[in-house]
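Here is data24.cif, consisting of mmCIF, C-alpha atoms:
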data_my_file
loop_
_atom_site.label_atom_id
_atom_site.label_comp_id
_atom_site.auth_asym_id
_atom_site.auth_seq_id
_atom_site.Cartn_x
_atom_site.Cartn_y
_atom_site.Cartn_z
CA MET P 123 108.35 118.02 112.59
CA LEU P 124 111.23 115.67 111.90
CA THR P 125 114.32 117.22 110.40
CA PRO P 126 116.16 115.07 107.86
CA GLY P 127 119.67 115.85 109.11
CA VAL P 128 120.97 115.74 105.56
CA SER P 129 121.41 118.24 102.78
CA LEU P 130 122.18 117.97 99.11
CA LEU P 131 125.70 118.62 97.89
CA SER P 132 126.24 120.92 94.97
CA GLY P 133 127.73 119.41 91.87
CA TYR P 134 126.13 116.25 90.60
CA SER P 135 122.46 116.51 89.67
CA SER P 136 120.57 114.24 87.32
CA PRO P 137 116.99 115.05 86.25
CA VAL P 138 114.15 112.67 87.04
CA THR P 139 110.69 112.89 85.53
CA ASP P 140 107.55 111.63 87.19
CA TYR P 141 104.98 110.01 84.95
CA VAL P 142 101.58 108.46 85.12
CA ILE P 143 101.10 105.59 82.67
CA PHE P 144 97.84 103.96 81.61
CA ARG P 145 96.23 101.96 78.84
CA GLN P 146 95.52 104.02 75.74
CA SER P 147 92.23 102.16 75.43
CA ASP P 148 91.17 103.75 78.73
CA ALA P 149 91.71 107.20 77.29
CA ALA P 150 88.90 106.46 74.82
CA LEU P 151 86.42 105.06 77.34
CA SER P 152 82.89 106.29 76.84
CA THR P 153 82.00 105.70 80.48
CA PRO P 154 82.11 108.97 82.44
CA PHE P 155 84.09 108.89 85.67
CA GLU P 156 81.30 110.62 87.53
CA PRO P 157 77.69 109.61 86.85
CA GLY P 158 76.14 112.27 84.65
CA GLY P 159 79.53 113.66 83.68
CA THR P 160 81.08 113.87 80.26
CA GLN P 161 84.71 112.93 80.91
CA ASN P 162 86.11 109.50 81.61
CA TRP P 163 88.62 109.03 84.40
CA VAL P 164 91.63 109.66 82.20
CA GLN P 165 90.18 112.92 80.95
CA THR P 166 89.09 113.90 84.43
CA LEU P 167 92.43 113.35 86.06
CA PHE P 168 95.24 113.59 83.55
CA SER P 169 94.62 114.07 79.90
CA GLY P 170 91.42 115.88 79.05
CA THR P 171 90.34 119.46 78.81
CA ARG P 172 91.63 120.98 82.02
CA PRO P 173 92.26 117.72 83.90
CA PHE P 174 92.64 117.90 87.67
CA VAL P 175 96.40 117.63 87.53
CA ASP P 176 96.55 120.79 85.42
CA THR P 177 94.32 122.88 87.66
CA SER P 178 95.88 125.38 90.02
CA GLY P 179 94.96 123.08 92.87
CA GLY P 180 96.62 120.10 91.23
CA GLN P 181 99.73 122.09 90.47
CA ALA P 182 99.86 123.34 94.06
CA LEU P 183 99.72 119.76 95.31
CA LEU P 184 102.51 118.67 92.99
CA ALA P 185 104.60 121.55 94.28
CA ALA P 186 103.74 120.58 97.85
CA SER P 187 105.09 117.10 97.14
CA GLY P 188 108.45 118.71 96.39
CA ASN P 189 108.24 118.23 92.65
CA TYR P 190 108.58 120.93 90.09
CA ALA P 191 105.47 121.02 87.95
CA SER P 192 105.80 121.76 84.27
CA SER P 193 105.14 125.42 83.55
CA SER P 194 103.11 124.42 80.53
CA GLY P 195 101.09 121.79 82.35
CA THR P 196 101.25 118.08 81.79
CA THR P 197 102.59 116.56 78.63
CA SER P 198 101.38 113.36 77.02
CA PHE P 199 103.50 111.20 74.79
CA THR P 200 104.12 107.62 73.83
CA VAL P 201 107.11 105.38 73.44
CA ASN P 202 107.29 104.07 69.90
CA ALA P 203 109.42 101.27 68.61
CA ALA P 204 112.26 102.19 66.32
CA PRO P 205 111.36 101.60 62.67
CA ALA P 206 112.34 98.11 61.51
CA ALA P 207 112.26 96.70 58.02
CA PRO P 208 109.57 94.08 57.40
CA SER P 209 110.82 90.54 57.75
CA ILE P 210 108.89 87.38 56.94
CA THR P 211 109.04 85.11 59.94
CA SER P 212 106.64 82.34 59.01
CA GLY P 213 107.96 78.97 58.16
CA ASN P 214 107.72 77.45 54.74
CA ALA P 215 104.62 75.47 53.97
CA PRO P 216 105.25 71.97 52.63
CA THR P 217 104.74 73.04 49.07
CA PHE P 218 105.61 76.70 49.41
CA THR P 219 109.09 78.00 50.07
CA VAL P 220 109.65 81.66 50.66
CA GLY P 221 110.83 83.14 47.43
CA THR P 222 110.13 79.98 45.47
CA ALA P 223 107.05 79.09 43.51
CA GLY P 224 104.95 76.33 44.96
CA THR P 225 102.04 74.20 43.82
CA PHE P 226 98.66 72.97 44.91
CA THR P 227 97.05 69.81 43.73
CA VAL P 228 93.91 70.39 41.68
CA GLY P 229 90.88 69.17 43.60
CA THR P 230 92.66 69.11 46.97
CA ALA P 231 92.29 71.93 49.44
CA GLY P 232 95.49 73.60 50.56
CA THR P 233 96.43 76.48 52.79
CA PHE P 234 99.46 78.45 53.72
CA THR P 235 100.18 81.15 56.30
CA VAL P 236 102.46 84.13 56.15
CA THR P 237 103.60 86.07 59.20
CA ALA P 238 106.08 88.89 59.40
CA THR P 239 107.55 91.41 61.79
CA GLY P 240 108.45 95.07 61.39
CA SER P 241 107.64 98.52 62.70
CA PRO P 242 105.21 99.89 61.76
CA ALA P 243 103.58 96.47 61.53
CA PRO P 244 103.72 95.06 57.98
CA THR P 245 100.51 94.55 56.08
CA PHE P 246 99.76 91.85 53.54
CA SER P 247 98.07 92.09 50.22
CA LYS P 248 96.85 89.35 47.99
CA PRO P 249 98.51 89.10 44.60
CA ARG P 250 96.34 89.83 41.62
CA SER P 251 94.12 86.97 40.56
CA THR P 252 96.18 86.45 37.44
CA GLU P 253 99.08 85.45 39.68
CA ILE P 254 97.25 83.11 42.01
CA PRO P 255 94.44 80.65 41.33
CA THR P 256 91.09 82.11 42.24
CA VAL P 257 90.09 78.82 43.87
CA ILE P 258 92.35 79.72 46.79
CA GLY P 259 90.54 82.94 47.50
CA PRO P 260 91.59 85.80 49.65
CA SER P 261 90.84 84.11 52.94
CA GLU P 262 93.80 81.83 52.54
CA VAL P 263 96.28 84.64 52.06
CA MET E 53 73.57 94.91 115.48
CA GLU E 54 73.51 98.66 115.45
CA GLY E 55 76.78 100.47 115.62
CA ARG E 56 77.43 103.81 117.16
CA PRO E 57 75.40 106.72 115.79
CA GLY E 58 78.29 107.97 113.74
CA GLU E 59 78.75 104.59 112.10
CA LYS E 60 75.09 104.29 111.23
CA GLU E 61 75.08 107.75 109.74
CA LEU E 62 78.12 106.93 107.65
CA ARG E 63 76.59 103.69 106.38
CA SER E 64 73.43 105.50 105.40
CA GLN E 65 75.45 107.94 103.36
CA ILE E 66 77.62 105.54 101.50
CA GLY E 67 75.43 102.48 101.19
CA PRO E 68 75.56 99.10 102.83
CA ARG E 69 78.31 97.61 100.68
CA ARG E 70 80.93 100.10 101.76
CA ARG E 71 82.81 99.53 104.96
CA LEU E 72 85.51 101.27 106.85
CA SER E 73 88.93 99.74 106.69
CA ASP E 74 92.55 100.64 106.70
CA GLY E 75 93.42 103.00 103.93
CA PRO E 76 95.07 102.07 100.69
CA SER E 77 97.57 104.89 100.70
CA VAL E 78 99.63 106.87 103.14
CA ASP E 79 97.89 108.10 106.26
CA ARG E 80 98.33 111.82 106.67
CA CYS E 81 98.22 113.98 109.70
CA GLY E 82 94.97 115.85 109.73
CA SER E 83 93.29 113.81 107.02
CA GLY E 84 90.49 113.24 109.50
CA PHE E 85 89.11 110.01 108.07
CA ARG E 86 89.98 106.43 107.41
CA ARG E 87 89.96 105.38 103.80
CA LEU E 88 87.51 103.10 102.08
CA ARG E 89 88.75 100.18 100.06
CA PRO E 90 88.36 100.99 96.36
CA GLN E 91 85.05 100.09 94.76
CA PRO E 92 84.54 99.14 91.09
CA GLY E 93 84.10 102.74 89.92
CA ASP E 94 87.16 104.03 91.76
CA VAL E 95 90.46 104.55 89.99
CA VAL E 96 93.36 102.61 91.52
CA ALA E 97 97.01 103.40 91.05
CA VAL E 98 100.24 101.78 92.21
CA GLY E 99 103.77 102.90 91.54
CA GLY E 100 107.26 103.70 92.65
CA ASP E 101 108.63 105.32 95.76
CA THR E 102 109.93 108.52 94.18
CA PRO E 103 106.60 109.84 92.81
CA GLN E 104 104.37 108.30 95.50
CA TYR E 105 103.84 111.44 97.53
CA ALA E 106 102.99 113.49 94.46
CA LEU E 107 100.12 111.12 93.67
CA GLY E 108 99.12 110.77 97.30
CA LEU E 109 98.74 114.50 97.68
CA LEU E 110 96.92 114.80 94.35
CA SER E 111 94.33 112.33 95.58
CA ASP E 112 93.83 113.53 99.12
CA GLY E 113 95.36 116.98 99.54
CA ASP E 114 98.24 118.28 101.56
CA THR E 115 98.71 119.37 105.15
CA SER E 116 98.50 123.04 104.18
CA GLY E 117 94.85 122.80 103.23
CA ASP E 118 95.18 122.37 99.48
CA ALA E 119 92.29 120.11 98.54
CA GLY E 120 92.96 116.87 96.71
CA PHE E 121 90.84 115.34 93.97
CA ASN E 122 88.80 113.29 96.42
CA SER E 123 87.90 116.38 98.41
CA ALA E 124 85.33 117.25 95.76
CA GLY E 125 83.20 114.45 97.14
CA GLY E 126 82.55 112.66 93.89
CA VAL E 127 80.96 109.24 93.82
CA ASN E 128 84.11 107.68 92.40
CA ARG E 129 87.48 108.27 93.93
CA LEU E 130 91.18 108.11 93.23
CA ALA E 131 93.05 105.60 95.38
CA THR E 132 96.83 105.54 95.25
CA PHE E 133 98.92 102.87 96.91
CA ASN E 134 102.39 103.85 98.02
CA ALA E 135 105.40 101.73 97.17
CA THR E 136 106.42 101.78 100.80
CA PRO E 137 104.18 100.39 103.52
CA ASP E 138 105.06 103.19 105.91
CA GLY E 139 103.85 106.79 105.89
CA ASN E 140 107.40 108.02 106.34
CA GLY E 141 108.47 106.11 103.24
CA ARG E 142 110.31 103.31 105.02
CA SER E 143 110.40 99.70 103.93
CA ALA E 144 109.22 96.75 106.00
CA TYR E 145 111.39 94.04 107.48
CA THR E 146 110.90 90.80 109.29
CA ASN E 147 111.14 90.87 113.04
CA SER E 148 114.50 89.44 114.02
CA ALA E 149 113.23 88.76 117.52
CA THR E 150 110.53 86.52 116.05
CA THR E 151 112.60 84.81 113.40
CA GLY E 152 115.76 84.48 115.47
CA GLY E 153 117.76 85.64 112.49
CA PRO E 154 118.73 88.95 110.94
CA SER E 155 115.89 91.11 109.67
CA VAL E 156 115.27 90.73 105.98
CA ALA E 157 113.05 92.67 103.62
CA LEU E 158 109.41 91.78 103.99
CA ASN E 159 106.94 91.51 101.15
CA PRO E 160 104.08 93.72 102.36
CA THR E 161 100.65 93.29 100.82
CA ASP E 162 97.74 95.49 99.83
CA VAL E 163 94.04 95.00 99.18
CA LEU E 164 93.70 96.90 95.93
CA ARG E 165 89.95 96.45 95.54
CA ALA E 166 87.18 95.83 98.03
CA GLY E 167 86.32 92.18 98.20
CA THR E 168 89.68 90.98 96.89
CA PRO E 169 92.46 89.30 98.84
CA PRO E 170 95.75 90.98 99.74
CA VAL E 171 98.34 90.93 96.99
CA GLN E 172 102.03 91.75 97.04
CA ARG E 173 102.55 95.50 97.28
CA VAL E 174 104.03 97.12 94.21
CA SER E 175 107.29 98.51 95.53
CA SER E 176 109.01 100.21 92.61
CA SER E 177 108.43 101.82 89.25
CA GLY E 178 109.73 98.68 87.56
CA ASN E 179 107.34 96.48 89.52
CA ALA E 180 104.52 98.85 88.66
CA ILE E 181 104.80 98.52 84.91
CA SER E 182 105.01 94.74 85.28
CA ALA E 183 101.90 94.76 87.44
CA LEU E 184 99.96 96.90 84.98
CA LEU E 185 100.85 94.61 82.10
CA ALA E 186 99.84 91.59 84.19
CA ASP E 187 96.44 93.09 84.98
CA THR E 188 94.62 91.53 82.07
CA GLY E 189 91.30 90.60 83.61
CA SER E 190 88.03 91.80 82.17
CA GLN E 191 87.77 94.28 85.04
CA GLU E 192 90.85 96.39 85.66
CA THR E 193 92.30 96.17 89.15
CA ILE E 194 95.06 98.68 88.46
CA ASN E 195 93.97 101.60 86.31
CA PHE E 196 97.28 103.40 86.07
CA ILE E 197 100.73 103.52 87.54
CA PHE E 198 102.97 106.33 88.71
CA SER E 199 106.58 105.92 87.79
CA ALA E 200 109.88 107.76 87.60
CA SER E 201 110.93 105.48 84.75
CA LEU E 202 109.57 105.26 81.23
CA PRO E 203 108.23 101.96 79.94
CA THR E 204 110.34 100.14 77.40
CA VAL E 205 109.45 99.50 73.80
CA ALA E 206 108.88 95.87 74.78
CA ASN E 207 106.39 97.04 77.42
CA ASP E 208 104.58 99.05 74.78
CA THR E 209 104.51 96.08 72.42
CA THR E 210 103.03 93.95 75.18
CA ALA E 211 100.34 96.57 75.71
CA ALA E 212 99.56 96.57 72.01
CA ASN E 213 99.34 92.80 71.97
CA LEU E 214 96.89 92.98 74.86
CA GLY E 215 94.63 95.14 72.74
CA TRP E 216 95.26 98.32 74.71
CA GLY E 217 96.60 100.25 71.73
CA PHE E 218 99.69 101.44 73.55
CA LEU E 219 100.82 102.79 76.89
CA HIS E 220 99.77 106.39 77.28
CA ILE E 221 102.27 108.41 79.28
CA VAL E 222 101.64 111.75 80.95
CA GLU E 223 104.51 113.70 82.43
CA ILE E 224 103.30 115.31 85.64
CA GLY E 225 106.39 116.75 87.29
CA THR E 226 110.13 116.83 87.52
CA ASP E 227 112.56 115.91 90.24
CA SER E 228 116.31 115.40 90.39
CA VAL E 229 118.75 112.97 91.90
CA GLN E 230 121.49 114.63 93.85
CA ILE E 231 123.95 113.52 96.49
CA ALA E 232 122.85 113.72 100.10
CA ALA E 233 125.31 114.09 102.93
CA ALA E 234 124.88 114.71 106.64
CA THR E 235 124.39 118.31 107.66
CA THR E 236 127.84 118.07 109.24
CA THR E 237 129.91 116.35 106.61
CA ASN E 238 133.44 115.85 105.49
CA ALA E 239 132.33 115.99 101.87
CA PRO E 240 133.96 118.87 99.99
CA SER E 241 132.02 122.11 100.16
CA GLY E 242 132.04 122.33 96.40
CA GLY E 243 130.27 119.00 96.14
CA LEU E 244 131.28 116.03 94.05
CA THR E 245 131.43 115.80 90.30
CA ALA E 246 130.18 112.85 88.29
CA ALA E 247 133.79 111.75 87.73
CA GLU E 248 134.51 111.81 91.45
CA LEU E 249 131.34 109.90 92.20
CA LEU E 250 132.31 107.33 89.58
CA GLN E 251 135.65 106.87 91.31
CA ILE E 252 133.96 106.38 94.67
CA TYR E 253 131.11 104.15 93.56
CA THR E 254 133.26 101.80 91.49
CA SER E 255 135.97 101.32 94.09
CA ASN E 256 136.52 97.87 95.46
CA SER E 257 138.74 99.05 98.26
CA ALA E 258 138.26 101.61 100.98
CA ILE E 259 138.71 105.07 99.62
CA GLN E 260 139.69 108.10 101.66
CA SER E 261 138.45 111.62 101.03
CA ASN E 262 141.93 112.75 100.03
CA GLN E 263 142.07 109.99 97.42
CA VAL E 264 139.07 111.31 95.55
CA THR E 265 140.42 112.95 92.46
CA GLY E 266 139.95 116.69 92.45
CA ALA E 267 137.99 116.85 95.67
CA GLY E 268 140.71 119.01 97.21
CA ASP E 269 140.25 117.37 100.57
CA SER E 270 143.12 116.41 102.87
CA SER E 271 140.98 114.24 105.10
CA THR E 272 141.90 110.59 105.49
CA ALA E 273 138.38 109.70 106.52
CA VAL E 274 137.01 106.68 104.68
CA VAL E 275 134.06 107.50 102.46
CA ILE E 276 130.92 105.37 102.85
CA PRO E 277 129.00 105.37 99.57
CA GLU E 278 125.39 104.17 99.74
CA ILE E 279 122.95 103.20 97.01
CA PRO E 280 119.25 102.25 97.08
CA PRO E 281 118.11 98.87 95.70
CA SER E 282 118.67 98.20 92.01
CA GLY E 283 114.95 98.24 91.21
CA SER E 284 114.55 101.81 92.40
CA SER E 285 114.31 104.75 90.06
CA ILE E 286 116.98 106.58 92.03
CA TYR E 287 119.36 103.69 91.36
CA LYS E 288 118.45 103.59 87.68
CA THR E 289 118.96 107.32 87.34
CA PHE E 290 122.22 107.36 89.24
CA ILE E 291 123.79 104.17 87.90
CA ALA E 292 123.93 103.93 84.14
CA ALA E 293 126.57 101.44 83.13
CA PRO E 294 129.29 101.11 85.76
CA THR E 295 129.55 98.11 88.00
CA LEU E 296 129.28 99.11 91.62
CA GLY E 297 132.34 98.64 93.78
CA SER E 298 132.28 96.30 96.72
CA ILE E 299 132.47 99.16 99.22
CA VAL E 300 129.02 100.44 98.20
CA LYS E 301 126.28 99.68 100.72
CA THR E 302 122.71 99.02 99.60
CA VAL E 303 120.26 101.01 101.70
CA GLU E 304 116.67 102.20 101.58
CA GLN E 305 115.72 104.70 98.94
CA ASN E 306 115.24 108.35 99.91
CA ASP E 307 115.65 107.67 103.60
CA PRO E 308 117.88 110.25 105.33
CA THR E 309 118.48 107.95 108.28
CA THR E 310 120.62 105.78 106.03
CA VAL E 311 123.09 108.67 106.16
CA THR E 312 122.52 109.99 109.67
CA GLY E 313 122.38 106.50 111.11
CA SER E 314 125.42 105.10 109.35
CA SER E 315 128.57 104.12 111.21
CA SER E 316 130.17 107.40 110.15
CA PRO E 317 127.51 109.93 109.10
CA ALA E 318 129.98 112.70 108.27
CA ASN E 319 131.64 110.47 105.69
CA THR E 320 128.53 108.94 104.17
CA ILE E 321 126.90 109.95 100.90
CA ALA E 322 123.83 108.65 99.09
CA PRO E 323 121.91 109.61 95.95
CA PHE E 324 118.63 111.19 96.98
CA SER E 325 115.49 112.65 95.45
CA SER E 326 115.49 116.43 95.76
CA ALA E 327 111.69 116.40 95.81
CA ARG E 328 111.68 114.03 98.76
CA LEU E 329 114.13 116.22 100.63
CA ASN E 330 111.92 119.22 99.88
CA LEU E 331 109.07 117.34 101.49
CA TRP E 332 111.24 116.63 104.51
CA ASN E 333 112.33 120.24 104.80
CA ASP E 334 108.72 121.40 104.56
CA GLY E 335 108.01 119.52 107.78
CA TYR E 336 105.77 116.87 106.27
CA PHE E 337 107.33 114.00 108.19
CA HIS E 338 107.09 113.65 111.92
CA ASN E 339 108.96 111.55 114.41
CA PRO E 340 107.57 108.01 114.15
CA ALA E 341 108.62 107.35 117.74
CA THR E 342 106.05 109.89 118.96
CA ALA E 343 102.61 108.46 119.65
CA PHE E 344 99.46 109.83 118.06
CA PRO E 345 98.68 112.63 117.43
CA GLY E 346 102.40 113.17 116.97
CA VAL E 347 104.27 116.40 116.99
CA GLY E 348 102.48 119.21 115.23
CA CYS E 349 99.45 117.21 114.08
#
As structure tokens - that is how I would like this structure written.
Amino acid sequence: MLTPGVSLLSGYSSPVTDYVIFRQSDAALSTPFEPGGTQNWVQTLFSGTRPFVDTSGGQALLAASGNYASSSGTTSFTVNAAPAAPSITSGNAPTFTVGTAGTFTVGTAGTFTVTATGSPAPTFSKPRSTEIPTVIGPSEV
Amino acid sequence: MEGRPGEKELRSQIGPRRRLSDGPSVDRCGSGFRRLRPQPGDVVAVGGDTPQYALGLLSDGDTSGDAGFNSAGGVNRLATFNATPDGNGRSAYTNSATTGGPSVALNPTDVLRAGTPPVQRVSSSGNAISALLADTGSQETINFIFSASLPTVANDTTAANLGWGFLHIVEIGTDSVQIAAATTTNAPSGGLTAAELLQIYTSNSAIQSNQVTGAGDSSTAVVIPEIPPSGSSIYKTFIAAPTLGSIVKTVEQNDPTTVTGSSSPANTIAPFSSARLNLWNDGYFHNPATAFPGVGC
């Protein structure tokens, strides 16, 4: 056994949390971690019904590592972006200016693209057909 | 060519494609086996120094006999790669005798999956999230990371843009950053407050114990403040906004020898993981200068 030769002073103490982080898409995998099993690896280890990390054995190992396990077991959460108002970011098409009516030439195909940012992500809807020529169709919006 | 009986028996149990090799995570006293390089069905994790032992023990068990996940003998296994290349949590450096110059930090490598070449070892929580977001192949190399830092909103946006939905976070345990000092220290018995630490860690000139506001110390000994590298979670937890003073020395994270081996141990302080010190005090680490099987193994 090797003794550290140091100790912690009283006074300053700042909490640290240990996390595991993975792709949300993996949490929905249909492939079981063990052949013949029912839980994928995320569910088996961290985030399912009674995952390994929440078993008494898992909690004992976390304690053995010097950490303090949560008394209520593991907690899952996500980091979400702060809400942001939608904002149109696309440039202006040659004949369409944001906020200004534009024109197409009859008999000549034309397209335009609209992009925008915001959180949650903005969605687009096509104006009613009375407000836009039906020859454009929804696929161009 | 036939190997020894034990080798043949092992091959027959695990199939011809598996082979023995150096392990992907920390070697532990009493573990009794060498690790297999991760296969396609195995779950691979990389991460930061502070939580590395928590994940290592979860995968393989502890020295008190608590069984890890892999002890169940499942077909697929959990393989965790430590941030540090050394079982005692130390970093790697170039050999000054070989290079003829001062030792500098080495970039150790790992083989994360069987049949793949060595890649740069993930050495911090910050590196880990970057590595996960860069793992965009059709087959995942890194399945998850362990970290003492949360991902940023930008990280989450990147994950969404990659079609992952978002980054799923599971809190598994808590730790704390406190100030470590030598067992025999000139630090005040009542410890140091955040204000006193701010005074010390932002000083650009030598600061004596009796100059630390409110410490109530009459000693004229010069304080040696230490800090781990800026990419470490201990650094990020300890240092919020202030600019470090020029007297602060950058040292390895969570390594008590940075205090005990300093030029003046009694006057040296360093932020330290309480969980790591718990592990030390539980007798997990043994003297690396003692040859196998080491003391107490």
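When only C-alpha atoms are used to measure the gap to Leu130 of chain E, the shortest distance among P:Trp163, P:Tyr190, P:Tyr141, P:Tyr134 belongs to P:Trp163.
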Interface residues on chain P facing chain E, 8 Å, only C-alpha atoms, written as a PyMOL selection string: chain P and resi 123-148+155-157+163+168-169+174-175+179-180+182-184+186-192+195-203
Expansion of the PyMOL selection byres ((chain E and resi 302) around 6) into residues, as a ChimeraX atom specification: /E:278-280,301,303
Restricted to C-alpha atoms, what would the selected residues look like written as a PDB file, in the frame of the given file?
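Once written, selection-v9.pdb looks like this:
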ATOM      1  CA  GLU E 278     125.390 104.170  99.740  1.00  0.00           C
ATOM      2  CA  ILE E 279     122.950 103.200  97.010  1.00  0.00           C
ATOM      3  CA  PRO E 280     119.250 102.250  97.080  1.00  0.00           C
ATOM      4  CA  LYS E 301     126.280  99.680 100.720  1.00  0.00           C
ATOM      5  CA  VAL E 303     120.260 101.010 101.700  1.00  0.00           C
TER       6      VAL E 303
END
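Comparing the minimum interatomic distances between Arg89 of chain E and each of E:Thr342, E:Gln191, E:Thr168, E:Asn159, counting all atoms listed in the file, we find that E:Thr168 sits nearest.
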Evaluate the PyMOL selection byres ((chain E and resi 256) around 8) and report residues as a PyMOL selection string: chain E and resi 254-255+257-258+297-299
Interatomic distance (Å, one decimal) between atom CA of Val163 of chain E and atom CA of Phe133 of chain E: 9.5 Å
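Taking atom CA of Thr151 of chain E as the reference point, atom CA of Ala343 of chain E is found at 26.4 Å.
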The PyMOL selection byres ((chain E and resi 141) around 9) resolved against shown file, as an NGL selection string: :E and (78 or 101 or 134-140 or 142-143 or 305-307)
Gap from atom CA of Ala186 of chain E to atom CA of Asp162 of chain E - Å, one decimal: 16.3 Å
